[in-house]
Amino acid sequence: MRKSVVLIISTISLLAIIAIGLIFQRAKIYDETVYIEEIIVKSVKIGDDFFETYYYDHETDYGYRVKDPNKDHNAQFAIPYQENLTMLIIYEVKPETSTNKNVTFHTTIHDDIERQIATVERDSGLVTFLQDGTASFDLRAVDNPATTTKIKIRTKDFSFD
Amino acid sequence: MSKRRRVKPFPYDLKTLIAMQLKDKLDLGFVKNKGQLIRKIVFFILRFIIVGVISFALFYVASFFKIFHNSPFLPTSLMTIVLTIIFVISTITSSNELLKSLYLAKDNALLVTYPTTLNKVFFSKIVVYYLYELYKNFTFVVPIFLAYGLLSPVSPFFYLWVLVTFFVVTLIPVILGVVISIPLFYINVFLNRVRFLKTVVFITLLSLFIWLVVEIILLIPPRINILFLWEPIKAGLSEISIFFQKYFVFVYYIVVMIFGKLNTSRVYSYLSWEPWLIFFSTIFILGVLFMLAYYVSRFIFLKMISQGDSYGKSLKPKAILNVRHSRFITFIIKEVRLLLRNGEFAYNFLATYISIPIIILLVNQIFAGMDLYVKGQFFVQAFNVLLILLPLLASNGLIATMYSKEARTAYMKRTKPVNALIPLFAKLIPNLVLSLTSIVVSLIVFNIYMNFIFINIFLLALGMIFIQVGHLFLSGLLDLMNPQNEQYATTGTHVQNPNETKSIILAFVIAFAYALITLAFILEAVTDPSIKFSVGFLKMFFIGLGFALIVLYLYKENIKVYYNQRVES
């Protein structure tokens with residue numbers, strides 16, 4: 001059969017499925033709002049590389065940290081600092097059926113001398129390190145600001161070593 | 001003393017060989033015609049833009065809905081997935097096409113008689129296929145990469161570099177094709193020797209493929225609820241993208257070669273060693289691989305040239321008992337044999353007849369997942385009728401070329417001491433039987449979802465069978481009334497058969513009309529309680545029967561006019 005005929009038949013089929021689905025499907029009203037109960041930070045993505053995270057909880061110090069890929073046990077990894085170091089915070093929310101799954105990102109100053117270490121884009125979670133050091137970020141559920149989680153990322157300038 | 005004329009040295013003969021074969025493969029007749037050339041260029045640009053715009057829209061949607069890792073940034077692994085799929089498809093196609101063009105092509109015997117070396121003939125075949133792949137990649141793949149580039153932090157250099165890299169990227173499936181075609185050739189020779197095994201392998205692979213497709217279709221959930229499925233789909237896509245980046249490292253490297261390395265500042269950069277190392281390593285590896293494959297496959301090529309079609313075939317004559325059949329059965333056996341010998345023609349029909357029940361399964365599984373109003377169910381039923389008839393009748397377009405394809409041998413029919421109706425009718429029988437089986441299987445699948453009572457589905461099946469019979473004979477009739485035998489005898493592969501076009505247009509008209517009539521009768525039966533549901537199906541049966549009877553009558557009468565009366569005169 002000619003390719004053009006196959007293409008026309010496929011297009012007609014697809015359009016018909018969409019049209020029938022849109023016009024004749026019974027409308028459902030979902031009046032139940034499912035709120036985010038938990039935010040899990042899965043990894044941090046630098047370039048195309050993923051760095052796993054682990055949850056650390058010790059008295060007042062808690063939150064996710066970047067796991068050292070060279071060690072089997074959970075140990076915090078110091079990411080080599082470079083100028084304009086940028087990374088993405090990869091997360092997921094629970095339950096999967098949450099009505100509004102959006103999360104916002106906020107930076108918290110976390111350094112002994114209170115320097116601004118990094119900035120984070122509020123909606124995308126794109127972190128940019130301005131200088132080396134440790135920075136913490138809060139992830140806040142849009143539908144329920146009470147649901148938050150924290151990740152602490154440490155960078156170190158090895159060029160002076 | 002007169003000097004002997006020498007054959008023009010390289011590269012002229014190689015260039016001529018490539019130009020000749022390319023002209024045949026890409027139908028380059030338009031190059032000399034300015035109007036056609038402009039039309040071709042405009043269509044190329046249009047195709048390029050359409051593919052680019054569709055890809056851009058899909059990537060934009062993925063970014064807008066944060067499909068990958070809940071992030072608006074598109075991951076490089078997305079292009080790894082795209083390129084892997086393209087490589088797999090291209091390598092399979094290239095292996096098959098190169099097997100045919102390098103070792104099994106009929107033009108090999110002619111090309112080696114030209115004043116050139118065998119090496120150049122062999123090399124020209126690979127170059128021709130490479131140029132053909134390059135044309136396809138620049139039409140369909142490059143726009144996808146450009147669309148991704150527009151939504152990603154690529155360097156301006158990318159827009160130039162992508163054109164350069166695709167000369168290398170295209171080489172990958174072609175050279176892999178040259179390599180894979182070698183074992184494929186031996187498998188082909190072996191299967192040609194053991195015909196029975198070839199049939200078993202074909203049926204097994206086909207059954208496995210159908211089983212796999214059906215299993216995938218049945219995975220569609222019984223209740224499609226986008227709200228609940230959206231998050232698992234998103235998570236699944238993110239996992240798949242990570243899987244591809246992890247396990248298809250080679251393809252990921254090629255993507256890095258094209259876009260550059262995504263650096264820590266989240267910008268694709270060529271200012272690192274990776275893209276350049278990958279670029280030169282790929283060229284080196286492909287060069288070595290090509291040289292190895294070249295010397296092995298050249299050896300097979302030479303053997304094929306020297307032994308022709310008889311290579312690897314058992315030439316022992318097989319004694320078959322001469323069985324006397326009736327005239328009609330004799331012609332049917334002849335047609336079945338012809339159909340099986342012309343593999344591509346048979347596969348074309350087989351693909352259509354097998355895919356229709358699968359499409360019906362897919363569509364009904366999708367609709368089963370939707371909670372439709374009753375009226376929507378009626379539209380689905382009419383849509384099923386359309387979906388069975390449309391590809392089935394459109395495939396009859398090839399029937400409208402069957403008699404003409406016999407070219408000058410068609411007139412042999414007139415010399416046979418039988419009624420012309422017998423060989424002409426017998427030619428349509430194999431397709432008729434297979435297509436009717438396809439309708440029956442499709443309607444069985446359809447009824448699993450619709451639960452019609454037996455009489456209704458029986459009447460619907462008969463109605464559709466008669467429509468198919470009518471259109472099949474109508475297509476044959478079109479070919480009888482306007483024979484194109486001379487075109488097939490002289491033109492070669494690029495034949496423009498007007499009967500095929502007419503048959504396809506009629507297929508669309510008939511399929512849509514019959515589906516609309518179905519819908520009208522179903523709605524009439526629902527809205528008017530005095531009309532039984534079966535009455536609608538009975539009417540459809542009579543419409544089909546009437547159509548088939550009229551066409552069969554016309555077919556018979558036209559054969560009288562075009563064959564018997566002409567002979568008498």
# chains A, B, ... in the order shown; residues from 1 in each chain; ligands from 1

call {"tool": "interface_residues", "arguments": {"of": "chain A", "to": "chain B", "cutoff": "8 Å", "atoms": "only C-alpha atoms", "output": "ChimeraX atom specification"}}
result
/A:1,5-6,9,13,16-17,20-21,23-26,46-48,82-87,90-92,96-97,124-125

call {"tool": "select_by_dssp", "arguments": {"residues": "region 23-104 of chain A", "states": "strand (DSSP E or B)", "output": "number ranges by chain"}}
result
A: 25, 38-46, 49-58, 61-67, 76, 78-80, 86-94, 103-104

call {"tool": "closest_residue", "arguments": {"among": "A:Glu38, A:Asp132, A:Glu121, A:Glu52", "to": "Thr149 (chain A)", "atoms": "only C-alpha atoms"}}
result
A:Glu38

call {"tool": "atom_distance", "arguments": {"atom1": "CA of Phe185 (chain B)", "atom2": "CA of Leu99 (chain B)"}}
result
6.5 Å

call {"tool": "select_by_dssp", "arguments": {"residues": "region 302-497 of chain B", "states": "helix (DSSP H, G or I)", "output": "JSON, numbers by chain"}}
result
{"B": [302, 303, 304, 305, 306, 307, 308, 309, 310, 327, 328, 329, 330, 331, 332, 333, 334, 335, 336, 337, 338, 339, 340, 341, 343, 344, 345, 346, 347, 348, 349, 350, 351, 352, 353, 354, 355, 356, 357, 358, 359, 360, 361, 362, 363, 364, 365, 366, 367, 368, 374, 375, 376, 377, 378, 379, 380, 381, 382, 383, 384, 385, 386, 387, 388, 389, 390, 391, 392, 393, 394, 395, 396, 397, 398, 399, 400, 401, 402, 404, 405, 406, 407, 408, 409, 410, 411, 412, 413, 414, 415, 421, 422, 423, 424, 425, 426, 427, 428, 429, 430, 431, 432, 433, 434, 435, 436, 437, 438, 439, 440, 441, 442, 443, 444, 445, 446, 447, 448, 449, 450, 454, 455, 456, 457, 458, 459, 460, 461, 462, 463, 464, 465, 466, 467, 468, 469, 470, 471, 472, 473, 474, 475, 476, 477, 478, 479, 480, 481, 485, 486, 487, 488, 489, 490]}

call {"tool": "closest_residue", "arguments": {"among": "A:Phe137, A:Phe51, A:Phe158, A:Tyr81", "to": "Asp68 (chain A)", "atoms": "only C-alpha atoms"}}
result
A:Phe51

call {"tool": "residues_around", "arguments": {"residues": "Ser404 (chain B)", "least_positions_apart": "2", "cutoff": "10 Å", "atoms": "only C-alpha atoms", "output": "list in words"}}
result
Ile399, Ala400, Thr401, Met402, Glu406, Ala407, Arg408, Thr409, Ala410, Gly476, Asp479, Leu480, Asn482, Pro483, Gln484, Asn485, Glu486, Gln487, Tyr488, Ala489, Asn497 and Asn499 of chain B

call {"tool": "residues_around", "arguments": {"residues": "region 42-47 of chain B", "least_positions_apart": "3", "cutoff": "12 Å", "atoms": "only C-alpha atoms", "output": "compact mmCIF listing (two decimals) with C-alpha atoms, in the first residue's frame"}}
result
# COMPACT_ATOMS: atom_id res chain seq x y z
CA GLY B 35 9.74 23.28 -12.69
CA GLN B 36 9.98 19.82 -11.18
CA LEU B 37 13.28 20.71 -9.53
CA ILE B 38 11.75 23.77 -7.82
CA ARG B 39 8.74 21.67 -6.74
CA ILE B 50 6.88 20.17 9.24
CA VAL B 51 9.09 17.56 10.95
CA GLY B 52 10.92 20.36 12.77
CA VAL B 53 7.73 22.08 13.95
CA ILE B 54 6.13 18.82 15.16
CA TYR B 135 18.95 12.20 2.13
CA LYS B 136 16.49 10.49 4.52
CA ASN B 137 18.39 11.69 7.60
CA PHE B 138 18.55 15.28 6.40
CA THR B 139 14.81 15.19 5.75
CA PHE B 140 13.58 13.51 8.92
CA VAL B 141 16.30 13.32 11.60
CA VAL B 142 18.22 16.60 11.37
CA PRO B 143 15.05 18.70 12.00
CA ILE B 144 14.42 16.70 15.22

call {"tool": "residues_around", "arguments": {"residues": "Tyr56 (chain A)", "least_positions_apart": "2", "cutoff": "12 Å", "atoms": "only C-alpha atoms", "output": "PyMOL selection string"}}
result
chain A and resi 41+53-54+58-67+74-76+149-152

call {"tool": "residues_around", "arguments": {"residues": "Asn102 (chain A)", "least_positions_apart": "3", "cutoff": "9 Å", "atoms": "only C-alpha atoms", "output": "VMD selection string"}}
result
(chain A and resid 93 123 140 to 143) or (chain B and resid 70)

call {"tool": "atom_distance", "arguments": {"atom1": "CA of Val551 (chain B)", "atom2": "CA of Phe473 (chain B)"}}
result
6.6 Å

call {"tool": "residues_around", "arguments": {"residues": "Val121 (chain B)", "least_positions_apart": "6", "cutoff": "8 Å", "atoms": "only C-alpha atoms", "output": "PyMOL selection string"}}
result
chain B and resi 14+17+111-112

call {"tool": "write_last_selection", "arguments": {"atoms": "N, CA, C and O atoms", "output": "mmCIF file, in the first residue's frame"}}
result
data_model
loop_
_atom_site.group_PDB
_atom_site.id
_atom_site.type_symbol
_atom_site.label_atom_id
_atom_site.label_comp_id
_atom_site.auth_asym_id
_atom_site.auth_seq_id
_atom_site.Cartn_x
_atom_site.Cartn_y
_atom_site.Cartn_z
ATOM 1 N N LEU B 14 33.705 5.857 -11.283
ATOM 2 C CA LEU B 14 32.988 5.654 -10.016
ATOM 3 C C LEU B 14 31.840 6.659 -9.909
ATOM 4 O O LEU B 14 30.710 6.302 -9.536
ATOM 5 N N LEU B 17 29.081 5.572 -12.178
ATOM 6 C CA LEU B 17 28.363 4.429 -11.600
ATOM 7 C C LEU B 17 27.386 4.890 -10.518
ATOM 8 O O LEU B 17 26.234 4.464 -10.478
ATOM 9 N N LEU B 111 26.114 -4.319 -14.403
ATOM 10 C CA LEU B 111 27.125 -3.331 -13.992
ATOM 11 C C LEU B 111 28.552 -3.838 -14.205
ATOM 12 O O LEU B 111 29.449 -3.060 -14.518
ATOM 13 N N VAL B 112 28.752 -5.142 -14.017
ATOM 14 C CA VAL B 112 30.129 -5.650 -14.158
ATOM 15 C C VAL B 112 30.593 -5.683 -15.615
ATOM 16 O O VAL B 112 31.774 -5.850 -15.880
#
